[in-house]
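Trainee: This is the structure I want to talk about, given as structure tokens.
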Amino acid sequence: MAVRPSLAYFPSDNALLDSSGLPWGVAVTPFSSTDERGSSPVTGDEGDLIPRCTSCFAYFSTLCSLHRWSWTCPICSEDNDLSADAAARYARDGSHDPPELRSAFVDLLLPGEEGEAAAATTPVYVAAIDLSSSEEFLELVKSALLAALEALSPGSLFGILTFSSKIGLYDVQGPIPIVKNVFIPPDSDGTLHVDLKDVMPFCSFLAPVGTFKDHIAEALETIKPIASWERATTASQVQDHALHHTRGFGVAIDALVNYLSVENGTTFELARIFAFLSGPPNYGAGQLDARSNGDHNTGKVVDSNNTLLPEETSFYKNLAASAVQAGACVDLFAITNEYTDLTSLKVLSVESGGSLFLYSNTDESTLPQDIYKMLKRPYAFGCVLRLRTSPEIKIADSYGHFFPDPQYMHVQHINCCDSFASYTYDFEFEKDSQFSRKSRPPILQIVFKYTMIVQHGDASDDASNSGSRSKFSVQRRLRVRTIQYNTTANIWDLYDFVDPDVVLTILVHQVILASLSDVVEARLWLHDWLAIFIAQYNKAYKNVRPADSGVSDIDVDFSNCSQLQPLARLVFAFLVSPLLQVQDEHIHPDYQTYLQCLFSALEPASLRQAICPTLSSYSSLDTEAEVHQSLSRSVFTSERPIFLLDAYTDLLVYYLPTASPSIPFPPPRDCLLRSTVDRLKQERTLTPRLAFIHGARDDTTTSEKYLIEDRALDGTLMDGSTGFRSFLEEVRSRVAEFGI
């Protein structure tokens, strides 16, 4: 569990926080195996024995004041009695101390909370495949699912479902694959006339991977796009002499969720659905009228009120809630350049605990690698996340892919959580509260309760019998981390120990939320925030202009504080990012939705990389020369001939036109540069696209789009390397208007 605060020293009062101009909060990665310093939790088996405060319900930790028969809560200072058993447990005897006495970071088994689910431990995976697609689409999906089969443990259960104007269920456990179909009603409010469980028994639909991997692969090879006679047309399309692919996605996923819900708690605890889409759902319940939004493909991403395209229907939000109740998590893979209305679809993956992936074409898609990496990562399910704070601190807002508890504030439910998923909290002071010298230091306690499937030994046997079922077990676990922070009444302590990555993370979440109402206002707010922050900084360092001095006296480069220096560049990079561009005809609206989902789930270091790429130069293939702070053409005048640009989703190796012909291009596998590229690809949650560009003979347009400091605020590339500096001069003028 990694916890990164934006301010390493917490402000002593609200006046100091306001005068600093900085956001105050934390970014939490709850299922990370270590904390932010690389330390692992102390583990144990008696999580049910940890005492809890009778007032705020916080958990006992090493930061509590412990007495013989009582303990004092570090959060609310309530005195709590210890039972005789607890008092004996906490009678200190050195090496036999329980985990919560040895560390403030523990991960403990909760015995008995599995209930009857202990027998329902087989992992379940279902592929839902769009047949209203091309041969290239299906070949890519088949490759991805073959990669998925290699990543899954042999005892897992796997099912195949296809959809178009009908739903197909595959039974692969016989000598040849058998598919049974049920037609989808065309009505937008229609439902299937028959339940899927009556079409095919669950035990026939789900096949053990270890026993039937080859049969599953053979079944995948039989899947073809729908024939022309299966394509439906509407009256308007007949008039236009156009055939229309039918894609009954909403009905298919709804029926699948209902199908799975019958077996939830009996066959499985969590089922993962891989939904592959080649275009917008346009048939039956959940259909989206993408035809009326034809101009979206040409860059119209806001309406007349400057609002990003809204959800067209609540169908998928309701479907996400049903999926959570059924123990199903939906990962959505859209492989299309057609407008698909991901704004309406994203809620299905986000709220069910899944991920959203977008690939604009099949040729450059990294889908097989991405799904393999996703399934190889450990994940938890049925998670509950709760952050408690000292009474002086108020949680102003929380961000991330979760759904809030309907009854308790600041309790988040996460259906599926991997070790990279991050959640962010924004703090403010409670009214008339402060941290004085006599008050207790501020305390945060993060509690993460989760379930995981543990595999025991070889699970390669047929998972349909009880013997193999016992090779998996469900563990309900409790992870608790209690952290004490220092406070300061000195603004320079806030500045000197700020974490720019977490500041950016909080700002990104705030701007994404605001952009859903008015993207132009969200951009203006971020621009104003930077100007106000620079004004506050100059005031703190007394960079006050004399009456006869000019605007140039205002320090926009944070020359007095190295920790703050990245912030202006990070804000500018976010302003020129595709997410906040509203009139760029080259930016697909679905791509902006994808970026919303990606940015809101990344941990701070990765988010910074995605927004503001890192540029490194190499004097040779085996010698890294420098990591550059600037992303501008001016860097390419360097004598170093090779550059590596890391934009999180893209990796680009660029050779200057003047690079010596003796330097191999592309770089060979056995050099430092290539090993660095391979390491970065391996570390990512998704597989970055890799491009090699030689300035002497290749088109450099791809590399120029990452030169963010040469761009204007509207995202256009400027002739000179003046975009970022012009922006700072504009900010300087804005600061002068504030009259510092």
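Going through the structure tokens in order, the chains are called A, B, and so on, while each chain numbers its residues from 1 and the ligands are numbered from 1 in the order shown.
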Neighbours of region 356-365 of chain A within 8 Å (only C-alpha atoms; same-chain residues fewer than 4 positions away dropped), as a PyMOL selection string?

Mentor: chain A and resi 136-137+140+331-337+346+349-350+591+594+597-598+689

Trainee: Fewer than 3 positions away in the same chain doesn't count, so skip those; otherwise give me all residues within 10 Å of Leu567 (chain A), counting only C-alpha atoms, as a count of residues only.

Mentor: 14

Trainee: For Gly47 (chain A), please output as JSON, numbers by chain all residues within 9 Å (counting only C-alpha atoms; exclusion window: fewer than 3 positions along the same chain).

Mentor: {"A": [44, 50, 107, 108, 109, 110, 111, 477, 478, 479]}

Trainee: Quick one: write out the picked residues with C-alpha atoms as a CSV table (one decimal), in the first residue's frame?

Mentor:
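This is the output file result_21.csv:
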chain,number,residue,atom,x,y,z
A,44,GLY,CA,-0.4,-12.5,10.1
A,50,ILE,CA,-7.5,-6.3,16.1
A,107,ASP,CA,-1.8,-7.4,6.1
A,108,LEU,CA,-3.8,-10.0,8.0
A,109,LEU,CA,-6.0,-12.9,7.2
A,110,LEU,CA,-9.7,-12.6,8.2
A,111,PRO,CA,-10.6,-16.2,9.2
A,477,ARG,CA,-7.7,-10.2,4.1
A,478,LEU,CA,-7.4,-6.9,5.9
A,479,ARG,CA,-4.6,-4.4,5.1

Trainee: Quick check for you: according to DSSP on this backbone, which residues of region 306-468 of chain A are classed as helix (DSSP H, G or I)? Reply as JSON, numbers by chain.

Mentor: {"A": [315, 316, 317, 318, 319, 320, 321, 322, 323, 324, 325, 342, 343, 344, 345, 346, 347, 348, 349, 350, 351, 352, 367, 368, 369, 370, 371, 372, 373, 374, 375, 376, 466, 467, 468]}

Trainee: How would the residues just picked look written out with N, CA and C atoms as a short mmCIF file (atom, residue, chain, number, x, y, z; two decimals), in the first residue's frame?

Mentor:
data_model
loop_
_atom_site.label_atom_id
_atom_site.label_comp_id
_atom_site.auth_asym_id
_atom_site.auth_seq_id
_atom_site.Cartn_x
_atom_site.Cartn_y
_atom_site.Cartn_z
N PHE A 315 -28.43 3.14 -19.46
CA PHE A 315 -28.50 1.68 -19.54
C PHE A 315 -27.23 1.04 -18.99
N TYR A 316 -26.08 1.58 -19.38
CA TYR A 316 -24.82 0.92 -19.01
C TYR A 316 -24.42 1.21 -17.57
N LYS A 317 -24.89 2.29 -17.02
CA LYS A 317 -24.67 2.52 -15.59
C LYS A 317 -25.46 1.51 -14.76
N ASN A 318 -26.70 1.28 -15.16
CA ASN A 318 -27.50 0.27 -14.47
C ASN A 318 -26.92 -1.13 -14.68
N LEU A 319 -26.38 -1.38 -15.88
CA LEU A 319 -25.78 -2.67 -16.16
C LEU A 319 -24.52 -2.89 -15.31
N ALA A 320 -23.77 -1.81 -15.08
CA ALA A 320 -22.58 -1.92 -14.23
C ALA A 320 -22.97 -2.31 -12.81
N ALA A 321 -24.05 -1.71 -12.30
CA ALA A 321 -24.52 -2.07 -10.95
C ALA A 321 -24.95 -3.53 -10.90
N SER A 322 -25.60 -4.00 -11.96
CA SER A 322 -26.00 -5.41 -12.00
C SER A 322 -24.78 -6.32 -12.05
N ALA A 323 -23.75 -5.90 -12.79
CA ALA A 323 -22.53 -6.70 -12.88
C ALA A 323 -21.86 -6.84 -11.53
N VAL A 324 -21.82 -5.76 -10.77
CA VAL A 324 -21.22 -5.82 -9.43
C VAL A 324 -21.99 -6.78 -8.54
N GLN A 325 -23.31 -6.72 -8.61
CA GLN A 325 -24.14 -7.62 -7.81
C GLN A 325 -23.94 -9.07 -8.23
N LEU A 342 -17.86 6.01 -26.34
CA LEU A 342 -17.28 5.46 -25.12
C LEU A 342 -17.70 6.25 -23.89
N THR A 343 -18.18 7.48 -24.09
CA THR A 343 -18.68 8.25 -22.96
C THR A 343 -19.83 7.52 -22.27
N SER A 344 -20.70 6.90 -23.06
CA SER A 344 -21.81 6.13 -22.49
C SER A 344 -21.37 4.76 -22.00
N LEU A 345 -20.37 4.18 -22.65
CA LEU A 345 -19.96 2.81 -22.34
C LEU A 345 -18.96 2.73 -21.19
N LYS A 346 -18.20 3.80 -20.94
CA LYS A 346 -17.09 3.71 -19.98
C LYS A 346 -17.54 3.32 -18.59
N VAL A 347 -18.76 3.72 -18.21
CA VAL A 347 -19.22 3.44 -16.85
C VAL A 347 -19.31 1.94 -16.60
N LEU A 348 -19.55 1.17 -17.66
CA LEU A 348 -19.67 -0.28 -17.50
C LEU A 348 -18.36 -0.89 -17.01
N SER A 349 -17.25 -0.44 -17.55
CA SER A 349 -15.96 -0.97 -17.11
C SER A 349 -15.49 -0.29 -15.83
N VAL A 350 -15.63 1.03 -15.75
CA VAL A 350 -15.10 1.76 -14.59
C VAL A 350 -15.77 1.31 -13.30
N GLU A 351 -17.10 1.25 -13.28
CA GLU A 351 -17.81 0.96 -12.03
C GLU A 351 -17.86 -0.53 -11.71
N SER A 352 -17.63 -1.38 -12.71
CA SER A 352 -17.60 -2.81 -12.41
C SER A 352 -16.21 -3.26 -12.01
N LEU A 367 -3.09 -5.26 -28.31
CA LEU A 367 -4.11 -5.98 -27.55
C LEU A 367 -3.61 -7.32 -26.98
N PRO A 368 -2.96 -8.19 -27.76
CA PRO A 368 -2.52 -9.47 -27.17
C PRO A 368 -1.57 -9.28 -25.99
N GLN A 369 -0.63 -8.36 -26.13
CA GLN A 369 0.31 -8.12 -25.03
C GLN A 369 -0.39 -7.52 -23.82
N ASP A 370 -1.35 -6.61 -24.07
CA ASP A 370 -2.03 -5.94 -22.96
C ASP A 370 -2.88 -6.92 -22.15
N ILE A 371 -3.61 -7.79 -22.83
CA ILE A 371 -4.48 -8.71 -22.09
C ILE A 371 -3.64 -9.75 -21.35
N TYR A 372 -2.51 -10.13 -21.92
CA TYR A 372 -1.63 -11.07 -21.24
C TYR A 372 -1.07 -10.44 -19.96
N LYS A 373 -0.60 -9.20 -20.05
CA LYS A 373 -0.04 -8.52 -18.88
C LYS A 373 -1.11 -8.30 -17.82
N MET A 374 -2.32 -7.96 -18.26
CA MET A 374 -3.41 -7.72 -17.31
C MET A 374 -3.72 -8.97 -16.51
N LEU A 375 -3.73 -10.12 -17.16
CA LEU A 375 -4.09 -11.36 -16.48
C LEU A 375 -2.95 -11.93 -15.66
N LYS A 376 -1.73 -11.54 -15.96
CA LYS A 376 -0.58 -12.00 -15.19
C LYS A 376 -0.42 -11.22 -13.88
N SER A 466 -14.48 -31.90 -8.03
CA SER A 466 -14.23 -31.29 -6.72
C SER A 466 -12.77 -31.36 -6.34
N GLY A 467 -12.04 -32.35 -6.85
CA GLY A 467 -10.62 -32.45 -6.51
C GLY A 467 -9.85 -31.24 -6.96
N SER A 468 -10.12 -30.77 -8.18
CA SER A 468 -9.39 -29.62 -8.67
C SER A 468 -9.87 -28.33 -8.05
#

Trainee: Counting only C-alpha atoms, what is within 12 Å of Ala380 (chain A), bar same-chain residues fewer than 5 positions away, as a PyMOL selection string?

Mentor: chain A and resi 30-33+269-270+329+353-354+385+413-421+448-454+474-479

Trainee: Grab the residues selected above and save them as a compact mmCIF listing (two decimals), in the first residue's frame with N, CA, C and O atoms.

Mentor:
# COMPACT_ATOMS: atom_id res chain seq x y z
N PRO A 30 -3.71 0.98 -3.01
CA PRO A 30 -3.95 0.09 -1.87
C PRO A 30 -3.45 -1.33 -2.05
O PRO A 30 -3.05 -1.98 -1.08
N PHE A 31 -3.44 -1.85 -3.29
CA PHE A 31 -3.04 -3.25 -3.47
C PHE A 31 -1.59 -3.38 -3.90
O PHE A 31 -1.13 -4.47 -4.24
N SER A 32 -0.85 -2.28 -3.85
CA SER A 32 0.59 -2.37 -4.09
C SER A 32 1.22 -3.25 -3.02
O SER A 32 0.89 -3.16 -1.84
N SER A 33 2.15 -4.10 -3.42
CA SER A 33 2.73 -5.07 -2.48
C SER A 33 3.65 -4.42 -1.45
O SER A 33 3.97 -5.04 -0.43
N GLU A 269 -16.47 -16.59 -7.35
CA GLU A 269 -16.64 -15.37 -6.57
C GLU A 269 -16.51 -14.12 -7.43
O GLU A 269 -17.13 -13.11 -7.17
N LEU A 270 -15.66 -14.17 -8.46
CA LEU A 270 -15.53 -13.07 -9.40
C LEU A 270 -15.36 -13.64 -10.80
O LEU A 270 -14.53 -14.51 -11.03
N CYS A 329 -16.88 -8.51 -13.50
CA CYS A 329 -16.06 -7.35 -13.82
C CYS A 329 -15.90 -7.31 -15.34
O CYS A 329 -15.58 -8.32 -15.95
N GLY A 353 -15.25 -2.34 -12.02
CA GLY A 353 -13.89 -2.67 -11.61
C GLY A 353 -12.99 -3.08 -12.75
O GLY A 353 -11.87 -3.53 -12.52
N GLY A 354 -13.45 -2.92 -13.99
CA GLY A 354 -12.65 -3.32 -15.14
C GLY A 354 -11.83 -2.18 -15.70
O GLY A 354 -11.68 -1.11 -15.10
N LEU A 385 -12.46 0.18 0.54
CA LEU A 385 -11.38 1.11 0.88
C LEU A 385 -11.93 2.22 1.76
O LEU A 385 -12.96 2.82 1.45
N HIS A 413 -16.24 1.19 -2.61
CA HIS A 413 -16.28 -0.22 -3.01
C HIS A 413 -15.59 -0.36 -4.36
O HIS A 413 -15.83 0.42 -5.28
N ILE A 414 -14.70 -1.35 -4.46
CA ILE A 414 -13.94 -1.59 -5.68
C ILE A 414 -14.14 -3.06 -6.04
O ILE A 414 -13.74 -3.95 -5.30
N ASN A 415 -14.77 -3.30 -7.16
CA ASN A 415 -15.10 -4.67 -7.53
C ASN A 415 -13.85 -5.49 -7.85
O ASN A 415 -13.75 -6.67 -7.51
N CYS A 416 -12.88 -4.85 -8.53
CA CYS A 416 -11.65 -5.54 -8.90
C CYS A 416 -10.52 -4.53 -8.87
O CYS A 416 -10.65 -3.44 -9.42
N CYS A 417 -9.41 -4.87 -8.22
CA CYS A 417 -8.32 -3.91 -8.00
C CYS A 417 -6.98 -4.61 -8.21
O CYS A 417 -6.72 -5.64 -7.58
N ASP A 418 -6.14 -4.05 -9.09
CA ASP A 418 -4.81 -4.63 -9.26
C ASP A 418 -3.77 -3.78 -8.53
O ASP A 418 -4.10 -2.77 -7.89
N SER A 419 -2.51 -4.16 -8.63
CA SER A 419 -1.47 -3.53 -7.83
C SER A 419 -1.08 -2.15 -8.34
O SER A 419 -0.29 -1.46 -7.70
N PHE A 420 -1.64 -1.71 -9.48
CA PHE A 420 -1.33 -0.39 -10.01
C PHE A 420 -2.45 0.61 -9.80
O PHE A 420 -2.25 1.82 -9.97
N ALA A 421 -3.65 0.14 -9.47
CA ALA A 421 -4.80 1.03 -9.34
C ALA A 421 -4.59 2.04 -8.23
O ALA A 421 -4.20 1.68 -7.11
N PHE A 448 -7.93 -1.35 3.86
CA PHE A 448 -8.27 -1.99 2.60
C PHE A 448 -8.63 -3.45 2.88
O PHE A 448 -7.78 -4.26 3.24
N LYS A 449 -9.90 -3.74 2.77
CA LYS A 449 -10.39 -5.11 2.97
C LYS A 449 -10.66 -5.71 1.60
O LYS A 449 -11.35 -5.10 0.78
N TYR A 450 -10.11 -6.90 1.36
CA TYR A 450 -10.19 -7.45 0.01
C TYR A 450 -10.20 -8.97 0.04
O TYR A 450 -9.90 -9.60 1.06
N THR A 451 -10.56 -9.54 -1.10
CA THR A 451 -10.56 -10.99 -1.29
C THR A 451 -9.63 -11.34 -2.44
O THR A 451 -9.55 -10.61 -3.43
N MET A 452 -8.91 -12.43 -2.30
CA MET A 452 -8.07 -12.90 -3.39
C MET A 452 -8.16 -14.41 -3.48
O MET A 452 -8.47 -15.10 -2.50
N ILE A 453 -7.93 -14.92 -4.68
CA ILE A 453 -7.91 -16.36 -4.91
C ILE A 453 -6.47 -16.82 -4.85
O ILE A 453 -5.60 -16.29 -5.54
N VAL A 454 -6.22 -17.83 -4.04
CA VAL A 454 -4.88 -18.37 -3.88
C VAL A 454 -4.85 -19.76 -4.50
O VAL A 454 -5.71 -20.61 -4.21
N VAL A 474 -10.20 -19.22 -1.37
CA VAL A 474 -10.52 -17.80 -1.21
C VAL A 474 -9.98 -17.31 0.12
O VAL A 474 -10.19 -17.96 1.15
N GLN A 475 -9.29 -16.19 0.09
CA GLN A 475 -8.82 -15.56 1.32
C GLN A 475 -9.40 -14.15 1.42
O GLN A 475 -9.29 -13.37 0.47
N ARG A 476 -10.02 -13.88 2.54
CA ARG A 476 -10.46 -12.52 2.85
C ARG A 476 -9.40 -11.91 3.75
O ARG A 476 -9.06 -12.49 4.79
N ARG A 477 -8.86 -10.74 3.35
CA ARG A 477 -7.74 -10.17 4.06
C ARG A 477 -8.01 -8.71 4.42
O ARG A 477 -8.85 -8.03 3.80
N LEU A 478 -7.28 -8.26 5.42
CA LEU A 478 -7.40 -6.89 5.92
C LEU A 478 -6.02 -6.25 5.89
O LEU A 478 -5.08 -6.74 6.52
N ARG A 479 -5.90 -5.16 5.16
CA ARG A 479 -4.65 -4.42 5.09
C ARG A 479 -4.87 -3.05 5.75
O ARG A 479 -5.77 -2.30 5.35

Trainee: Which residue is closest to Ile446 (chain A)? Choose from A:His410, A:Val576, A:Glu139, A:Asp678 and count only C-alpha atoms.

Mentor: A:His410

Trainee: Go through A:Gln173, A:Ser19, A:Thr424, A:Ser278 and flag the residue nearest Val508 (chain A), using only C-alpha atoms for the distances.

Mentor: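 Checking each candidate against Val508 (chain A), we get A:Thr424 as the closest.
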
Trainee: Using only C-alpha atoms, which of A:Ile223, A:Ile483, A:Val26, A:Cys671 sits nearest Ser422 (chain A)?

Mentor: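 Smallest separation from Ser422 (chain A) among the options: A:Val26.
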
Trainee: Could you name the residues that touch region 160-164 of chain A at 10 Å or less, counting only C-alpha atoms, but leaving out those on the same chain fewer than 6 positions away, as a PyMOL selection string?

Mentor: chain A and resi 125-133+170-172+179-184+205-207+216+219-220+223+225-226+230-231+245-253+256+273-277+281-283
